[in-house]
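One structure is given below, encoded as C-alpha cells.
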Amino acid sequence: MQYRELGRTGWKVSTVSFGAWAIGGTWGKVDDKESLAALHRSIDLGVNFIDTADVYGDGRSERLVAQLRKERSETIYVATKAGRRLDPHVAGSYSRANLTAFVERSLKNLNTDAIDLLQLHCPPTEVFYMPETFGVLDDLVYAGKLRHYGVSVEKVEEALKAIEYPNVKTVQIIFNIFRQRPAELFFPEAIRRKVGILARVPLASGMLTGKLTAKSAFEKDDHRAFNRHGEAFDRGETFSGVDYETGLKAVEELRALVPAGWTMPQFALRWILMHEAVTCAIPGAKNPTQAEDNVRAAEMPAFDSVTMEKVRKIYDARIRDLVHNHW
C-alpha cells in the first residue's frame with residue numbers, strides 16, 4: 001500500500017481507501033457479514049481510511065464501520081457526511097441546529113467522541129456562499145465534536161469556492177476516466193492551498209469495472225436502476241453522468257489499454273492515482289474479493305505518457321461533450 005498526506009490534517013492515508021456507500025444501501029442487495037469481511041480484508045491490506053455518510057442505509061454503513069473499529073487495533077481514520085437527511089434538501093436548512101443534530105447522531109452511530117472528518121454532503125451550491133455554515137463547523141471543531149471538516153461536491157465551481165474557507169481541509173469530488181475536468185482548474189488550486197482530495201465514484205458506478213453489459217440488470221433499490229436521469233439525486237452520481245450505452249462503448253475502447261495481468265478496476269484506479277493532487281480514491285466493495293482487487297491498484301506501476309494520452313483521446317471523443325461543462 002502507498003500513503004499520501006491528506007491535506008493539512010497531519011494524516012497519511014492509503015491511496016486506495018474504502019468507500020462505504022455500497023455497504024449501506026441503494027446498490028442492490030447487501031449482506032452485513034460480507035460487508036464486514038470486505039472492510040476487514042481492506043484493513044489487512046493496508047487501508048486506513050474509510051468514507052461513509054449518515055444517509056448510507058440510514059446509519060447502517062456508519063454502524064458497520066463502528067463495529068470494524070471495535071474489532072481492530074489499527075488506526076483507522078473515518079470520514080462521514082452530513083446534510084442529505086434534510087427534506088427538503090435546501091440551503092436554508094443547513095443551520096446550526098440541524099448540523100449539530102446530524103453530528104450527534106453520527107457520533108452515536110460511529111460510537112466515538114469525535115468525528116475524524118465531517119464533510120458537508122453535496123449541499124446546494126448556495127451553501128458554499130454561506131460563511132455562517134462554515135462557522136458552525138468551526139464551532140463544532142472547537143467543541144471537540146469534529147477533528148477536521150471538508151466538503152463533498154458535485155461541481156468544480158463548488159470545490160473552488162469551498163477551499164476559500166481557511167479550515168476546509170478536504171474536498172471529495174467525482175474524478176475518474178469519465179470525469180476529468182477537476183484536474184484542469186481545481187487540482188492546481190488544491191495543491192497550492194494544501195487541500196486533500198478524495199476521488200469519489202472512481203469506477204463510475206461500476207461502469208469502469210468492465211463487468212457491465214447491455215444485458216446487465218439492476219435491482220429496484222439500486223440507484224443505477226432508478227437514478228439514470230437524476231430522478232432521485234444528481235444525475236452525475238450514476239455512471240458519472242454518462243448514458244449507459246455510451247459508457248459501454250467507451251469501456252470497450254479502454255479495455256484494449258489494460259496491461260496483461262491487470263484488471264480493469266485496477267487500471268481505472270491507477271489512472272486516478274497518476275494525478276498527484278489526489279490523496280486517495282475511495283472505491284466501494286461488497287465482498288473481500290472486490291476489496292482485494294481494488295487495493296492492488298495501489299501497487300501497480302505508473303502509466304507511461306502514451307497510455308495517458310490514449311485515455312485522454314477516448315475521453316475527448318466519447319465522453320467530454322456529455323459531462324465536461326456540466327459539473
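We name chains A, B, ... following the order of the C-alpha cells; residues begin at 1 in each chain, and ligands are numbered from 1 as shown.
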
Go through region 85-198 of chain A and flag each residue having an atom no more than 12 Å from region 241-264 of chain A; for those, report the closest pair of atoms plus their distance in Å to one decimal, using only C-alpha atoms, ordered by chain and rising number, as a tab-separated table.
```
residue	atom	partner	partner_atom	distance
A:Glu154	CA	A:Gly241	CA	11.0
A:Ile174	CA	A:Gly241	CA	10.3
A:Phe175	CA	A:Gly241	CA	11.8
A:Asn176	CA	A:Gly241	CA	11.7
A:Ile177	CA	A:Leu254	CA	9.5
A:Phe178	CA	A:Val242	CA	7.7
A:Arg179	CA	A:Gly241	CA	8.7
```

For the selection just defined, write its residues with N, CA and C atoms to a file, as an mmCIF file, in the first residue's frame.
```cif
data_model
loop_
_atom_site.group_PDB
_atom_site.id
_atom_site.type_symbol
_atom_site.label_atom_id
_atom_site.label_comp_id
_atom_site.auth_asym_id
_atom_site.auth_seq_id
_atom_site.Cartn_x
_atom_site.Cartn_y
_atom_site.Cartn_z
ATOM 1 N N GLU A 154 -20.583 18.386 -6.012
ATOM 2 C CA GLU A 154 -20.950 17.925 -7.352
ATOM 3 C C GLU A 154 -20.137 18.638 -8.425
ATOM 4 N N ILE A 174 -16.207 13.891 -7.658
ATOM 5 C CA ILE A 174 -16.192 12.807 -8.636
ATOM 6 C C ILE A 174 -15.038 13.044 -9.605
ATOM 7 N N PHE A 175 -14.131 12.089 -9.643
ATOM 8 C CA PHE A 175 -12.984 12.161 -10.548
ATOM 9 C C PHE A 175 -12.636 10.753 -10.996
ATOM 10 N N ASN A 176 -12.719 10.542 -12.295
ATOM 11 C CA ASN A 176 -12.373 9.246 -12.871
ATOM 12 C C ASN A 176 -12.143 9.441 -14.365
ATOM 13 N N ILE A 177 -11.915 8.371 -15.084
ATOM 14 C CA ILE A 177 -11.636 8.458 -16.519
ATOM 15 C C ILE A 177 -12.774 9.142 -17.268
ATOM 16 N N PHE A 178 -13.999 9.052 -16.744
ATOM 17 C CA PHE A 178 -15.157 9.679 -17.381
ATOM 18 C C PHE A 178 -15.430 11.097 -16.868
ATOM 19 N N ARG A 179 -14.711 11.528 -15.850
ATOM 20 C CA ARG A 179 -14.944 12.867 -15.282
ATOM 21 C C ARG A 179 -13.586 13.529 -15.007
#
```

Using only C-alpha atoms, determine which residues lie at most 6 Å from region 294-303 of chain A, disregarding the query and same-chain residues fewer than 2 positions distant; provide the list as a PyMOL selection string.
chain A and resi 1+16+266+270+291-292

Same residues, N, CA and C atoms, output as a PDB file, in the first residue's frame:
```
ATOM      1  N   MET A   1       0.833  -1.193   0.000  1.00  0.00           N
ATOM      2  CA  MET A   1       0.000   0.000   0.000  1.00  0.00           C
ATOM      3  C   MET A   1       0.873   1.251   0.000  1.00  0.00           C
ATOM      4  N   VAL A  16      -5.473   3.969  -2.025  1.00  0.00           N
ATOM      5  CA  VAL A  16      -6.760   3.320  -2.294  1.00  0.00           C
ATOM      6  C   VAL A  16      -7.391   3.072  -0.933  1.00  0.00           C
ATOM      7  N   GLN A 266      -8.437  -2.029 -11.588  1.00  0.00           N
ATOM      8  CA  GLN A 266      -7.082  -1.601 -11.223  1.00  0.00           C
ATOM      9  C   GLN A 266      -6.558  -0.551 -12.190  1.00  0.00           C
ATOM     10  N   ARG A 270      -5.670   3.148 -10.954  1.00  0.00           N
ATOM     11  CA  ARG A 270      -4.274   3.605 -11.108  1.00  0.00           C
ATOM     12  C   ARG A 270      -4.219   4.887 -11.926  1.00  0.00           C
ATOM     13  N   ALA A 291     -12.637  -6.036  -2.613  1.00  0.00           N
ATOM     14  CA  ALA A 291     -11.722  -5.210  -1.826  1.00  0.00           C
ATOM     15  C   ALA A 291     -10.274  -5.481  -2.224  1.00  0.00           C
ATOM     16  N   GLU A 292      -9.912  -6.738  -2.354  1.00  0.00           N
ATOM     17  CA  GLU A 292      -8.544  -7.094  -2.740  1.00  0.00           C
ATOM     18  C   GLU A 292      -8.200  -6.546  -4.114  1.00  0.00           C
TER      19      GLU A 292
END
```

Output as a compact mmCIF listing (two decimals) with N, CA and C atoms, in the first residue's frame all residues of region 44-94 of chain A that backbone DSSP marks as helix (DSSP H, G or I).
```txt
# COMPACT_ATOMS: atom_id res chain seq x y z
N ASP A 44 -6.57 -5.40 6.41
CA ASP A 44 -5.46 -6.36 6.33
C ASP A 44 -4.43 -5.93 5.29
N ARG A 60 -26.74 2.62 8.64
CA ARG A 60 -26.24 1.24 8.60
C ARG A 60 -24.75 1.19 8.31
N SER A 61 -24.31 1.98 7.34
CA SER A 61 -22.90 1.99 6.98
C SER A 61 -22.04 2.48 8.14
N GLU A 62 -22.46 3.57 8.77
CA GLU A 62 -21.69 4.09 9.91
C GLU A 62 -21.58 3.04 11.02
N ARG A 63 -22.66 2.34 11.28
CA ARG A 63 -22.63 1.35 12.36
C ARG A 63 -21.71 0.17 12.03
N LEU A 64 -21.66 -0.22 10.77
CA LEU A 64 -20.73 -1.28 10.35
C LEU A 64 -19.28 -0.82 10.53
N VAL A 65 -19.02 0.42 10.19
CA VAL A 65 -17.67 0.96 10.37
C VAL A 65 -17.31 0.99 11.85
N ALA A 66 -18.26 1.35 12.70
CA ALA A 66 -18.01 1.35 14.14
C ALA A 66 -17.68 -0.06 14.64
N GLN A 67 -18.39 -1.04 14.12
CA GLN A 67 -18.13 -2.43 14.51
C GLN A 67 -16.72 -2.84 14.08
N LEU A 68 -16.35 -2.45 12.85
CA LEU A 68 -14.99 -2.75 12.38
C LEU A 68 -13.95 -2.16 13.31
N ARG A 69 -14.10 -0.90 13.65
CA ARG A 69 -13.13 -0.24 14.52
C ARG A 69 -13.01 -0.95 15.87
N LYS A 70 -14.12 -1.42 16.36
CA LYS A 70 -14.13 -2.13 17.64
C LYS A 70 -13.32 -3.41 17.56
N GLU A 71 -13.30 -4.01 16.38
CA GLU A 71 -12.65 -5.32 16.21
C GLU A 71 -11.20 -5.22 15.75
N ALA A 91 -30.76 24.99 0.92
CA ALA A 91 -29.64 25.69 1.56
C ALA A 91 -30.00 26.24 2.93
N GLY A 92 -31.19 26.78 3.06
CA GLY A 92 -31.58 27.40 4.31
C GLY A 92 -31.65 26.45 5.49
N SER A 93 -31.68 25.16 5.21
CA SER A 93 -31.77 24.18 6.30
C SER A 93 -30.41 23.74 6.82
```

Just the residues within 10 Å of Gly135 (chain A), please, counting only C-alpha atoms, with nothing from its chain fewer than 5 positions along; format it as number ranges by chain.
A: 96, 130, 140-141, 165, 167

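CA of Thr209 (chain A) is positioned 10.5 Å from CA of Asp293 (chain A).
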
Nearest residue to Glu276 (chain A) out of A:Val103, A:Arg72, A:Ala199, A:Leu160, using only C-alpha atoms?
A:Ala199

May I have the residues within 12 Å of His223 (chain A) as JSON, numbers by chain, using only C-alpha atoms and disregarding those fewer than 6 positions away in the same chain?
{"A": [21, 22, 25, 26, 27, 28, 29, 205, 206, 217, 229, 230, 231, 232, 233, 234, 235, 236, 237, 238, 239]}

Running DSSP on the backbone, which parts of region 153-227 of chain A land in strand (DSSP E or B), as a short mmCIF file (atom, residue, chain, number, x, y, z; two decimals) with C-alpha atoms, in the first residue's frame?
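Final file, out32.cif:
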```
data_model
loop_
_atom_site.label_atom_id
_atom_site.label_comp_id
_atom_site.auth_asym_id
_atom_site.auth_seq_id
_atom_site.Cartn_x
_atom_site.Cartn_y
_atom_site.Cartn_z
CA VAL A 168 -11.80 23.33 4.79
CA LYS A 169 -9.17 20.58 4.82
CA THR A 170 -10.56 18.22 2.17
CA VAL A 171 -12.74 18.11 -0.92
CA GLN A 172 -14.45 14.98 -2.14
CA ILE A 173 -15.27 15.19 -5.83
CA ILE A 174 -16.19 12.81 -8.64
CA ASN A 176 -12.37 9.25 -12.87
CA ARG A 179 -14.94 12.87 -15.28
CA GLY A 196 -6.71 16.89 0.40
CA ILE A 197 -8.72 15.40 -2.46
CA LEU A 198 -10.87 12.29 -2.18
CA ALA A 199 -11.74 10.91 -5.61
CA ARG A 200 -15.26 9.55 -5.30
CA ASP A 222 -30.07 0.17 -6.87
#
```

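For the pair CA of Ser95 (chain A) and CA of Glu132 (chain A), the interatomic distance is 8.6 Å.
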
Pick from A:Ala183, A:Met274, A:Val195, A:Leu118, whichever lies nearest to Arg8 (chain A) using only C-alpha atoms
A:Val195

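In terms of minimum interatomic distance to Ala162 (chain A), A:Pro131 ranks closest within A:Pro188, A:Pro131, A:Gly19, A:Pro182, counting only C-alpha atoms.
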
Using only C-alpha atoms, the shortest atom-to-atom distance to Lys211 (chain A) among A:Ser35, A:His40, A:Pro265, A:Arg318 belongs to A:Pro265

How far is it from CA of Lys286 (chain A) to CA of Asn111 (chain A), in Å with one decimal?
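For CA of Lys286 (chain A) relative to CA of Asn111 (chain A), the distance reads 22.4 Å.
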